[in-house]
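Asker: The structure that follows is given in the form of structure tokens.
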Protein chains: 2
Amino acid sequence: MTAPNGPLADLRRRLAEISDLERMAMLLAWDQEVMMPAAGAEWRAQQRATLERLAHERFADDHVGALLEAAVAETPLDEDLLRVARRDYDKARRVPGDLVEELAHAGATGHEAWTRARASSDFALFEPHLRRNIELRRRYIACFPEADRPYDALLDDYEPGMRTAQAEDVLERLRDGLVELVEAAAPSADDALVTGGPFPTDAQRRVVETVLRQVGVDDARWRLDVAVHPFASNFNASDIRITTRYNEAFLGDGLFGALHETGHGLYERQMDPLHYRTTLAEATGLGVHESQSRLWENLVGRSRPFCEWALPLLRSHLGDPFEAMDVDDLYRGVNRVELSLIRIEADETTYNLHIALRYELELAMIEGRLEVKDLPEAWDEATHRLLGLEVPDLLHGVLQDIHWGAGMIGYFPTYTLGNLMAAQLWTSLSNQLPDIEADIAAGNFAGLREWLRENIHRHGRKYDSRELLRRATGEELRVEPFLDYLQAKLLDTGQLAGRT
Amino acid sequence: MTAPNGPLADLRRRLAEISDLERMAMLLAWDQEVMMPAAGAEWRAQQRATLERLAHERFADDHVGALLEAAVAETPLDEDLLRVARRDYDKARRVPGDLVEELAHAGATGHEAWTRARASSDFALFEPHLRRNIELRRRYIACFPEADRPYDALLDDYEPGMRTAQAEDVLERLRDGLVELVEAAAPSADDALVTGGPFPTDAQRRVVETVLRQVGVDDARWRLDVAVHPFASNFNASDIRITTRYNEAFLGDGLFGALHETGHGLYERQMDPLHYRTTLAEATGLGVHESQSRLWENLVGRSRPFCEWALPLLRSHLGDPFEAMDVDDLYRGVNRVELSLIRIEADETTYNLHIALRYELELAMIEGRLEVKDLPEAWDEATHRLLGLEVPDLLHGVLQDIHWGAGMIGYFPTYTLGNLMAAQLWTSLSNQLPDIEADIAAGNFAGLREWLRENIHRHGRKYDSRELLRRATGEELRVEPFLDYLQAKLLDTGQLAGRT
């Protein structure tokens, strides 16, 4: 067998190498979170830094530039690939390899410091690492002097094409709408899912495994593990790893966490195989990625038809208190709206207020309006202002999230973007799949999976998220469908007296 | 902080990068064996090939050659590093990057094919992959035309400096000695460890964890997992991963397997920290590595004093049949000599006959005297000749071992070399640690661990195995200490009537 020749073939080989290195970096991260003995962290940080630098060097070098110039597309797919690779290349050329390595190393050690700071509930252990991350991100931003706002360069890494001004507009209008909605709402009195436990971990795991299998998770291609801070890693379409965490006091963490990560995993699973090992074989942005996880977690998992299907399953594995419950009880139970302190435990209505808070603070740190040393105080103030709650300790406050320690700044807004997109996609797919509710009530997810493959997953990075959304829904990004969806659900579950 | 300058510093940075890449390759392999969903194998093969090729390219390029020329040692440690790195460099320069990638890819897919061939007990599924591995190894050998024997180039990768002629002499003399010894022996009638089960996996695991903790395995730095084919992976001194497998019908697999891999892990754990992330931070050869695992498995684990210490533990976790057993029963039980078909289940006396068989066959394949298609027949013939047994099926025959599928040819002899060295080391350390037996009987392994650190582990690749053995024992590699040790044990356990 002779390998094909020419600049296009050479470029594809180089891009496959970069793709391999990036997936390895993901494996190193997954392993660190799920498997690695704690003492290995410093070494792992070095390995990850080496890998990031090497991937960057192999991509951002002159040879790739020459191949990009010389390569002639033979198919429309090649055109997409060349366009996206060129965009990445132009960005990568701006950033020195040393900075890439420093960012990776600081992210890995910052993550470790965050873990230690949590364990001893001591912000001082975390502060220098966060300061370092912010400083390095500022150096990164300086590589893109033409940006309108400093934060643009960060946001663009997670949501290509999105600008701070657009995100700000959407996030602020949503925040104001949510504050109003939450003020008008009263939590459901039905709290059996919270107080009815303990729900034994083994029984929860059996429920989760049964649900996921039905959704499309097979053992030959997926792993489900436990992680303190659940996440999904997709090493390729045949090796997808999701994690969840079981809380014996609350059923929601394990089941909805697993559904959430499954939504991420399906994106990779259903990508067009022609994209594999190329620059296109990724989600087009984290907002779209999050739209998939939230769609499965909330629009499917917290729907009435899903409750209908799941209740017998819960009864058979967990018995009491599900024996005495009917579908409406369960539906109200999994949709309780209540202001709370932990983002990843928040209900879908209040969730985006947590994001508004984080976005506000990270933007202020990046724009130099907030010092890292003042962050805990600012966090507590914003929590009071947006959620009306007092922060009792760091674990329920500024140390609760993994992102900033790991250097992920500019990432939080994508959660909200994902929630907005999920609502828009749901409107669109419900119109096209008139039996969707009956299908879900019967535990049949094949039609939904196929719709998502056809409209979202298979494209990879072929379209940017704006174009992808437009093709799937005919719309631009909008706040209203999500607010309408939330309001309807609050009315439906008796948590809102009438239209506000 | 400014990084140091000059060719030596540059070289050290490059070698650190290579070291990182090599350890990542180990993580990819560990993950594939222990964690990865089965369908991910083809992708993983590509990733491993990419990594191997890249590590090779980054090492074997002209720039490293120039740095090796220009670097001036500042310390004796630098001198060792430059010498060993130069040796590796000269070898690496001989091998084209494409061949390195092909070897890695063929090894990963060959491993997968072996797994499938085992599952359906079908040699035909494995045959083309083994043929490919042999063909690629021949191309590798051709890169070293000055070798006396083709097999030299393979052996040198696993046991640097060792030549086929020397290995052959040792292996043949040992084989003849063993055949004679085994003919004279009669297995102990005491088979309670085989027939006394089932030994519940959970209880076995508790025993293993207790023993390993005492030996020096701590949770912050080690992982113990289960693998079909147990192995040890050392990603660094603070991330050591061992595996074992539990057999409810036979206690030996789990406990002695874990002790074996712990011996490998301690080698990494106790390396001189100054070697970290350099070319020196590895075992000097697989023979020495194996001497460490076999020392813990057999010379410690199957000794009478160890049985003394372990019996109360076995009683408390496994109850019957250990209640009725005394130390002599246990000692005889774990030292039963019996010809059997599976290498990794073989007792320490007959074990090296299994190696003799594999060495003979792989040498014949490499030297073109045996075709891959004729291998199953040749295996069965050699089993009959050396072990006096008939092979009932492929799993008890030619498909039992992981090595050839993964491309590891030239590896088997190092098992026997390790057994020989372990016996020599034991003689030497017993003289220097007069209380060793009492210490083991008390579950105190600190002195032994320290002796191994001082004499073996800390040196890494500073000395080659011949020099290391000479420094630790004053001797060259010898067959007699091992044969004497076996004979003494057979006498001691009543399996030999008198000196042969």
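Chain labels A, B, ... are given in the sequence in which chains occur in the structure tokens; within each chain residues are numbered consecutively from 1, and ligands are likewise numbered from 1 in the order shown.
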Which chain A residues have any atom within 7 Å of an atom of chain B, and for each, what is the nearest pair of atoms with distance in Å to one decimal, counting only C-alpha atoms, rows sorted by chain and number, as CSV?
Answerer:
residue,atom,partner,partner_atom,distance
A:Glu17,CA,B:Thr50,CA,6.2
A:Asp20,CA,B:Gln47,CA,5.3
A:Met36,CA,B:Asp239,CA,6.9
A:Pro37,CA,B:Arg221,CA,5.2
A:Ala38,CA,B:Ala220,CA,5.4
A:Ala39,CA,B:Ser238,CA,5.3
A:Gly40,CA,B:Ser238,CA,4.8
A:Gln47,CA,B:Asp20,CA,5.3
A:Thr50,CA,B:Glu17,CA,6.2
A:Asp219,CA,B:Pro37,CA,6.8
A:Ala220,CA,B:Pro37,CA,5.3
A:Arg221,CA,B:Pro37,CA,5.2
A:Trp222,CA,B:Pro37,CA,6.0
A:Arg223,CA,B:Pro37,CA,6.5
A:Ser238,CA,B:Gly40,CA,4.8
A:Asp239,CA,B:Gly40,CA,4.9
Asker: Taking C-alpha atoms for each residue, export the selection above as an mmCIF file, in the first residue's frame.
Answerer:
data_model
loop_
_atom_site.group_PDB
_atom_site.id
_atom_site.type_symbol
_atom_site.label_atom_id
_atom_site.label_comp_id
_atom_site.auth_asym_id
_atom_site.auth_seq_id
_atom_site.Cartn_x
_atom_site.Cartn_y
_atom_site.Cartn_z
ATOM 1 C CA GLU A 17 -1.097 13.726 13.807
ATOM 2 C CA ASP A 20 -3.999 12.293 17.679
ATOM 3 C CA MET A 36 -4.371 8.863 38.484
ATOM 4 C CA PRO A 37 -2.926 8.583 42.007
ATOM 5 C CA ALA A 38 -2.907 12.067 43.514
ATOM 6 C CA ALA A 39 0.867 12.351 43.833
ATOM 7 C CA GLY A 40 1.274 12.060 40.066
ATOM 8 C CA GLN A 47 3.507 15.733 30.315
ATOM 9 C CA THR A 50 4.948 18.885 26.587
ATOM 10 C CA ASP A 219 -20.381 -1.089 26.381
ATOM 11 C CA ALA A 220 -18.170 -1.664 23.357
ATOM 12 C CA ARG A 221 -17.732 2.079 22.786
ATOM 13 C CA TRP A 222 -18.512 3.859 26.028
ATOM 14 C CA ARG A 223 -17.258 3.923 29.595
ATOM 15 C CA SER A 238 -15.457 4.347 19.415
ATOM 16 C CA ASP A 239 -14.070 5.426 22.763
#
Asker: I need the residues in segment 136-347 of chain B that are strand (DSSP E) according to DSSP; give them as a list in words.
Answerer: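 Of segment 136-347 of chain B, the ones in strand (DSSP E) are Trp222, Arg223, Leu224, Asp225, Val226, Ala232, Ser233, Asn234, Phe235, Asn236, Asp239, Ile240, Arg241, Ile242, Thr243 and Thr244 of chain B.
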Asker: Could you write out that same residue set with C-alpha atoms as a compact mmCIF listing (two decimals), in the first residue's frame?
Answerer:
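part.txt, written as the output of this step:
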# COMPACT_ATOMS: atom_id res chain seq x y z
CA TRP B 222 0.11 3.54 43.33
CA ARG B 223 -2.94 2.04 41.68
CA LEU B 224 -3.89 -1.61 41.77
CA ASP B 225 -6.30 -2.70 39.05
CA VAL B 226 -7.43 -5.90 37.45
CA ALA B 232 3.06 -3.02 35.70
CA SER B 233 3.27 0.49 34.23
CA ASN B 234 5.39 3.17 35.79
CA PHE B 235 4.51 6.61 34.54
CA ASN B 236 6.78 8.21 37.08
CA ASP B 239 2.29 7.27 39.58
CA ILE B 240 2.86 3.56 39.53
CA ARG B 241 0.18 1.23 38.31
CA ILE B 242 0.12 -2.46 38.88
CA THR B 243 -2.49 -4.99 37.92
CA THR B 244 -3.33 -8.48 38.98
Asker: Segment 482-491 of chain A: which residues within 9 Å, counting only C-alpha atoms, same-chain residues fewer than 5 positions away excluded, as a ChimeraX atom specification?
Answerer: /A:174,177-178,181,185-186,303,335-337,348-349,419-424,496-500
Asker: Please produce an output containing N, CA and C atoms for each residue in the selection, written as a short mmCIF file (atom, residue, chain, number, x, y, z; two decimals), in the first residue's frame.
Answerer:
data_model
loop_
_atom_site.label_atom_id
_atom_site.label_comp_id
_atom_site.auth_asym_id
_atom_site.auth_seq_id
_atom_site.Cartn_x
_atom_site.Cartn_y
_atom_site.Cartn_z
N LEU A 174 -31.05 37.68 29.34
CA LEU A 174 -31.51 36.46 30.00
C LEU A 174 -31.50 36.62 31.52
N GLY A 177 -34.45 38.58 32.66
CA GLY A 177 -35.67 37.78 32.54
C GLY A 177 -35.77 36.73 33.63
N LEU A 178 -34.63 36.12 33.94
CA LEU A 178 -34.62 35.05 34.95
C LEU A 178 -34.90 35.59 36.35
N LEU A 181 -38.50 36.04 36.60
CA LEU A 181 -39.22 34.77 36.64
C LEU A 181 -39.07 34.09 38.01
N ALA A 185 -41.84 32.94 41.10
CA ALA A 185 -42.07 31.51 41.28
C ALA A 185 -42.04 31.11 42.76
N ALA A 186 -42.72 30.01 43.04
CA ALA A 186 -42.68 29.43 44.39
C ALA A 186 -42.32 27.96 44.23
N SER A 303 -38.59 15.95 31.29
CA SER A 303 -39.91 16.11 30.66
C SER A 303 -40.91 15.15 31.31
N ASN A 335 -38.37 18.86 38.81
CA ASN A 335 -38.40 20.22 38.27
C ASN A 335 -38.58 21.28 39.35
N ARG A 336 -38.25 20.92 40.56
CA ARG A 336 -38.31 21.90 41.65
C ARG A 336 -37.40 23.09 41.36
N VAL A 337 -37.97 24.26 41.44
CA VAL A 337 -37.17 25.49 41.26
C VAL A 337 -36.84 26.04 42.63
N GLU A 348 -32.88 23.96 36.30
CA GLU A 348 -32.62 24.59 35.00
C GLU A 348 -33.08 26.04 34.94
N THR A 349 -33.97 26.44 35.84
CA THR A 349 -34.40 27.83 35.83
C THR A 349 -33.35 28.75 36.45
N ASN A 419 -27.86 26.38 26.71
CA ASN A 419 -29.25 26.29 27.17
C ASN A 419 -30.20 27.00 26.21
N LEU A 420 -29.76 28.14 25.71
CA LEU A 420 -30.61 28.87 24.76
C LEU A 420 -30.79 28.07 23.47
N MET A 421 -29.69 27.55 22.96
CA MET A 421 -29.76 26.78 21.71
C MET A 421 -30.61 25.53 21.88
N ALA A 422 -30.48 24.86 23.04
CA ALA A 422 -31.25 23.63 23.25
C ALA A 422 -32.75 23.92 23.14
N ALA A 423 -33.19 25.02 23.71
CA ALA A 423 -34.61 25.35 23.63
C ALA A 423 -35.03 25.62 22.18
N GLN A 424 -34.16 26.30 21.44
CA GLN A 424 -34.48 26.57 20.03
C GLN A 424 -34.51 25.27 19.22
N LEU A 496 -45.82 28.45 39.37
CA LEU A 496 -46.05 29.82 38.93
C LEU A 496 -47.56 29.99 38.86
N ALA A 497 -48.05 31.08 39.44
CA ALA A 497 -49.50 31.23 39.54
C ALA A 497 -50.13 31.54 38.19
N GLY A 498 -49.52 32.35 37.40
CA GLY A 498 -50.07 32.69 36.08
C GLY A 498 -49.00 33.39 35.28
N ARG A 499 -49.25 33.70 34.07
CA ARG A 499 -48.25 34.37 33.23
C ARG A 499 -47.78 35.66 33.92
N THR A 500 -46.50 35.87 33.95
CA THR A 500 -46.00 37.11 34.58
C THR A 500 -46.07 38.23 33.56
#
Asker: List the spatial neighbours of Lys91 of chain A as an MDAnalysis selection string - criterion: any atom at most 9 Å away, only C-alpha atoms, same-chain residues fewer than 4 positions off excluded.
Answerer: chainID A and resid 60 86:87 95 143:144
Asker: Those same residues - C-alpha atoms - I'd like them written as a CSV table (one decimal), in the first residue's frame.
Answerer:
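File out.csv, as written:
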chain,number,residue,atom,x,y,z
A,60,ALA,CA,1.9,26.3,13.7
A,86,ARG,CA,-6.6,27.8,7.8
A,87,ARG,CA,-8.6,29.7,10.5
A,95,VAL,CA,0.8,32.3,19.9
A,143,CYS,CA,-1.4,38.0,20.8
A,144,PHE,CA,-4.6,39.3,19.2
Asker: I need the residues of segment 26-216 of chain A that end up classed as helix (DSSP H, G or I) by DSSP on the backbone, written out as number ranges by chain.
Answerer: A: 26-34, 38-59, 62-70, 76-94, 97-119, 123-141, 150-158, 164-184, 192-195, 201-215
Asker: Could you save those same residues with C-alpha atoms as a tab-separated table (two decimals), in the first residue's frame?
Answerer:
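Writing the result to out_1.tsv gives the following:
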chain	number	residue	atom	x	y	z
A	26	MET	CA	-7.70	14.57	26.56
A	27	LEU	CA	-6.79	11.10	27.70
A	28	LEU	CA	-4.15	12.51	30.02
A	29	ALA	CA	-6.77	14.84	31.48
A	30	TRP	CA	-9.40	12.11	31.81
A	31	ASP	CA	-6.89	9.83	33.48
A	32	GLN	CA	-5.81	12.57	35.86
A	33	GLU	CA	-9.39	13.14	36.93
A	34	VAL	CA	-10.63	9.56	37.11
A	38	ALA	CA	-2.91	12.07	43.51
A	39	ALA	CA	0.87	12.35	43.83
A	40	GLY	CA	1.27	12.06	40.07
A	41	ALA	CA	-0.09	15.56	39.44
A	42	GLU	CA	3.15	17.48	39.00
A	43	TRP	CA	4.50	14.96	36.50
A	44	ARG	CA	1.26	14.91	34.65
A	45	ALA	CA	1.37	18.70	34.40
A	46	GLN	CA	4.75	18.41	32.67
A	47	GLN	CA	3.51	15.73	30.32
A	48	ARG	CA	0.45	17.74	29.39
A	49	ALA	CA	2.55	20.83	28.82
A	50	THR	CA	4.95	18.89	26.59
A	51	LEU	CA	2.06	17.50	24.58
A	52	GLU	CA	0.32	20.86	24.15
A	53	ARG	CA	3.55	22.54	23.08
A	54	LEU	CA	4.38	19.79	20.63
A	55	ALA	CA	0.90	19.77	19.12
A	56	HIS	CA	1.16	23.53	18.77
A	57	GLU	CA	4.64	23.39	17.22
A	58	ARG	CA	3.68	20.69	14.77
A	59	PHE	CA	0.66	22.68	13.67
A	62	ASP	CA	6.00	27.03	8.33
A	63	HIS	CA	5.60	23.68	6.65
A	64	VAL	CA	1.87	23.56	7.48
A	65	GLY	CA	1.54	27.11	6.13
A	66	ALA	CA	3.14	26.02	2.87
A	67	LEU	CA	0.88	22.97	2.64
A	68	LEU	CA	-2.19	25.13	3.27
A	69	GLU	CA	-1.08	27.40	0.42
A	70	ALA	CA	-0.32	24.57	-1.96
A	76	PRO	CA	-16.34	19.96	-1.00
A	77	LEU	CA	-15.25	18.27	2.22
A	78	ASP	CA	-11.65	19.27	1.48
A	79	GLU	CA	-12.84	22.85	1.07
A	80	ASP	CA	-14.42	22.80	4.49
A	81	LEU	CA	-11.31	21.26	5.95
A	82	LEU	CA	-8.96	23.78	4.35
A	83	ARG	CA	-11.11	26.70	5.49
A	84	VAL	CA	-11.32	25.56	9.12
A	85	ALA	CA	-7.67	24.49	9.27
A	86	ARG	CA	-6.59	27.85	7.85
A	87	ARG	CA	-8.61	29.67	10.52
A	88	ASP	CA	-7.00	27.58	13.27
A	89	TYR	CA	-3.59	28.01	11.71
A	90	ASP	CA	-3.83	31.78	11.57
A	91	LYS	CA	-4.77	31.80	15.26
A	92	ALA	CA	-2.07	29.33	16.25
A	93	ARG	CA	0.64	31.32	14.45
A	94	ARG	CA	-0.06	34.23	16.75
A	97	GLY	CA	5.01	27.79	21.67
A	98	ASP	CA	6.46	28.73	25.06
A	99	LEU	CA	3.23	30.44	26.02
A	100	VAL	CA	1.21	27.40	24.95
A	101	GLU	CA	3.38	25.25	27.17
A	102	GLU	CA	3.11	27.68	30.08
A	103	LEU	CA	-0.65	27.82	29.74
A	104	ALA	CA	-0.92	24.05	29.77
A	105	HIS	CA	1.42	23.68	32.71
A	106	ALA	CA	-0.25	26.44	34.71
A	107	GLY	CA	-3.65	24.89	33.98
A	108	ALA	CA	-2.58	21.48	35.23
A	109	THR	CA	-0.89	22.79	38.40
A	110	GLY	CA	-3.73	25.27	38.94
A	111	HIS	CA	-6.18	22.40	38.80
A	112	GLU	CA	-4.15	20.57	41.38
A	113	ALA	CA	-3.97	23.67	43.60
A	114	TRP	CA	-7.73	24.04	43.34
A	115	THR	CA	-8.14	20.46	44.54
A	116	ARG	CA	-5.88	21.13	47.51
A	117	ALA	CA	-7.51	24.48	48.29
A	118	ARG	CA	-10.90	22.75	48.36
A	119	ALA	CA	-9.63	20.02	50.63
A	123	PHE	CA	-8.47	30.34	49.14
A	124	ALA	CA	-4.87	31.40	49.79
A	125	LEU	CA	-3.65	28.05	48.39
A	126	PHE	CA	-5.48	28.78	45.17
A	127	GLU	CA	-4.93	32.51	44.78
A	128	PRO	CA	-1.40	32.57	43.28
A	129	HIS	CA	-2.35	29.91	40.76
A	130	LEU	CA	-5.44	31.78	39.64
A	131	ARG	CA	-3.41	34.98	39.42
A	132	ARG	CA	-0.93	33.14	37.24
A	133	ASN	CA	-3.71	31.81	35.01
A	134	ILE	CA	-5.17	35.30	34.60
A	135	GLU	CA	-1.76	36.76	33.84
A	136	LEU	CA	-1.05	34.08	31.21
A	137	ARG	CA	-4.47	34.61	29.64
A	138	ARG	CA	-3.70	38.31	29.40
A	139	ARG	CA	-0.48	37.43	27.57
A	140	TYR	CA	-2.53	35.20	25.31
A	141	ILE	CA	-5.00	38.03	24.65
A	150	PRO	CA	-9.82	41.62	25.57
A	151	TYR	CA	-12.31	38.87	26.43
A	152	ASP	CA	-13.02	38.27	22.71
A	153	ALA	CA	-9.87	36.21	22.26
A	154	LEU	CA	-10.84	33.88	25.11
A	155	LEU	CA	-14.46	33.48	24.08
A	156	ASP	CA	-13.42	32.75	20.51
A	157	ASP	CA	-11.47	29.70	21.63
A	158	TYR	CA	-14.57	28.09	23.10
A	164	THR	CA	-18.08	39.61	23.85
A	165	ALA	CA	-20.60	42.24	22.80
A	166	GLN	CA	-23.03	39.63	21.47
A	167	ALA	CA	-22.61	37.31	24.43
A	168	GLU	CA	-23.06	40.21	26.82
A	169	ASP	CA	-26.30	41.27	25.22
A	170	VAL	CA	-27.78	37.78	25.38
A	171	LEU	CA	-26.49	37.03	28.86
A	172	GLU	CA	-27.77	40.28	30.32
A	173	ARG	CA	-31.22	40.04	28.80
A	174	LEU	CA	-31.51	36.46	30.00
A	175	ARG	CA	-30.29	37.37	33.48
A	176	ASP	CA	-32.94	40.08	33.81
A	177	GLY	CA	-35.67	37.78	32.54
A	178	LEU	CA	-34.62	35.05	34.95
A	179	VAL	CA	-34.48	37.31	37.98
A	180	GLU	CA	-38.06	38.34	37.24
A	181	LEU	CA	-39.22	34.77	36.64
A	182	VAL	CA	-37.58	33.41	39.78
A	183	GLU	CA	-39.07	36.16	41.89
A	184	ALA	CA	-42.55	35.23	40.71
A	192	ALA	CA	-39.61	13.48	48.05
A	193	LEU	CA	-36.64	13.21	45.71
A	194	VAL	CA	-34.63	15.20	48.19
A	195	THR	CA	-35.96	13.88	51.47
A	201	THR	CA	-25.51	4.07	44.98
A	202	ASP	CA	-25.66	0.56	43.52
A	203	ALA	CA	-29.36	0.87	42.75
A	204	GLN	CA	-28.83	4.32	41.25
A	205	ARG	CA	-26.08	2.93	39.06
A	206	ARG	CA	-28.38	0.20	37.77
A	207	VAL	CA	-31.02	2.80	36.91
A	208	VAL	CA	-28.46	4.97	35.14
A	209	GLU	CA	-27.06	2.03	33.18
A	210	THR	CA	-30.52	0.97	32.07
A	211	VAL	CA	-31.46	4.49	30.97
A	212	LEU	CA	-28.20	5.07	29.10
A	213	ARG	CA	-28.39	1.75	27.29
A	214	GLN	CA	-31.82	2.76	26.00
A	215	VAL	CA	-30.51	6.17	24.95
Asker: Got a sec: who's within 12 Å of Arg385 of chain B, counting only C-alpha atoms, leaving out chain neighbours fewer than 3 positions off, as number ranges by chain?
Answerer: B: 175, 179, 353-354, 356-357, 378-382, 388-391
Asker: Given the selection you just returned, output its residues as a file containing N, CA and C atoms, formatted as a compact mmCIF listing (two decimals), in the first residue's frame.
Answerer:
# COMPACT_ATOMS: atom_id res chain seq x y z
N ARG B 175 18.05 -24.94 30.78
CA ARG B 175 17.01 -25.87 30.30
C ARG B 175 17.39 -27.31 30.63
N VAL B 179 15.29 -29.78 33.16
CA VAL B 179 14.67 -31.03 32.72
C VAL B 179 15.06 -32.15 33.67
N LEU B 353 11.17 -23.56 31.73
CA LEU B 353 11.00 -24.44 30.58
C LEU B 353 10.04 -23.81 29.58
N HIS B 354 9.05 -23.09 30.10
CA HIS B 354 8.13 -22.37 29.20
C HIS B 354 8.88 -21.30 28.40
N ALA B 356 12.13 -21.40 27.69
CA ALA B 356 13.00 -22.10 26.74
C ALA B 356 12.24 -22.40 25.46
N LEU B 357 11.00 -22.83 25.63
CA LEU B 357 10.14 -23.16 24.48
C LEU B 357 9.91 -21.93 23.60
N ALA B 378 4.55 -26.54 15.81
CA ALA B 378 5.87 -26.49 16.46
C ALA B 378 5.71 -26.27 17.96
N TRP B 379 4.74 -25.44 18.32
CA TRP B 379 4.47 -25.18 19.74
C TRP B 379 4.10 -26.49 20.46
N ASP B 380 3.19 -27.21 19.82
CA ASP B 380 2.71 -28.44 20.45
C ASP B 380 3.84 -29.46 20.57
N GLU B 381 4.66 -29.52 19.55
CA GLU B 381 5.79 -30.47 19.57
C GLU B 381 6.76 -30.12 20.71
N ALA B 382 7.08 -28.81 20.82
CA ALA B 382 8.04 -28.39 21.85
C ALA B 382 7.45 -28.58 23.25
N GLY B 388 6.59 -32.48 28.42
CA GLY B 388 5.97 -33.81 28.46
C GLY B 388 4.45 -33.76 28.47
N LEU B 389 3.87 -32.68 27.93
CA LEU B 389 2.41 -32.53 27.97
C LEU B 389 1.85 -32.39 26.57
N GLU B 390 0.56 -32.74 26.42
CA GLU B 390 -0.14 -32.52 25.17
C GLU B 390 -0.95 -31.22 25.29
N VAL B 391 -1.00 -30.45 24.22
CA VAL B 391 -1.74 -29.18 24.22
C VAL B 391 -3.18 -29.43 23.77
Asker: Taking only C-alpha atoms into account, which of B:Leu251, B:Arg149, B:Pro273, B:Ser120 comes nearest Arg458 of chain B?
Answerer: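 For Arg458 of chain B, the nearest of the given residues is B:Pro273.
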Asker: I'd like the contact shell of Gln270 of chain A - 10 Å cut-off, only C-alpha atoms, skipping same-chain residues fewer than 2 positions apart - returned as a PyMOL selection string.
Answerer: chain A and resi 237+265-268+272-273+449-450+452-454+456-460
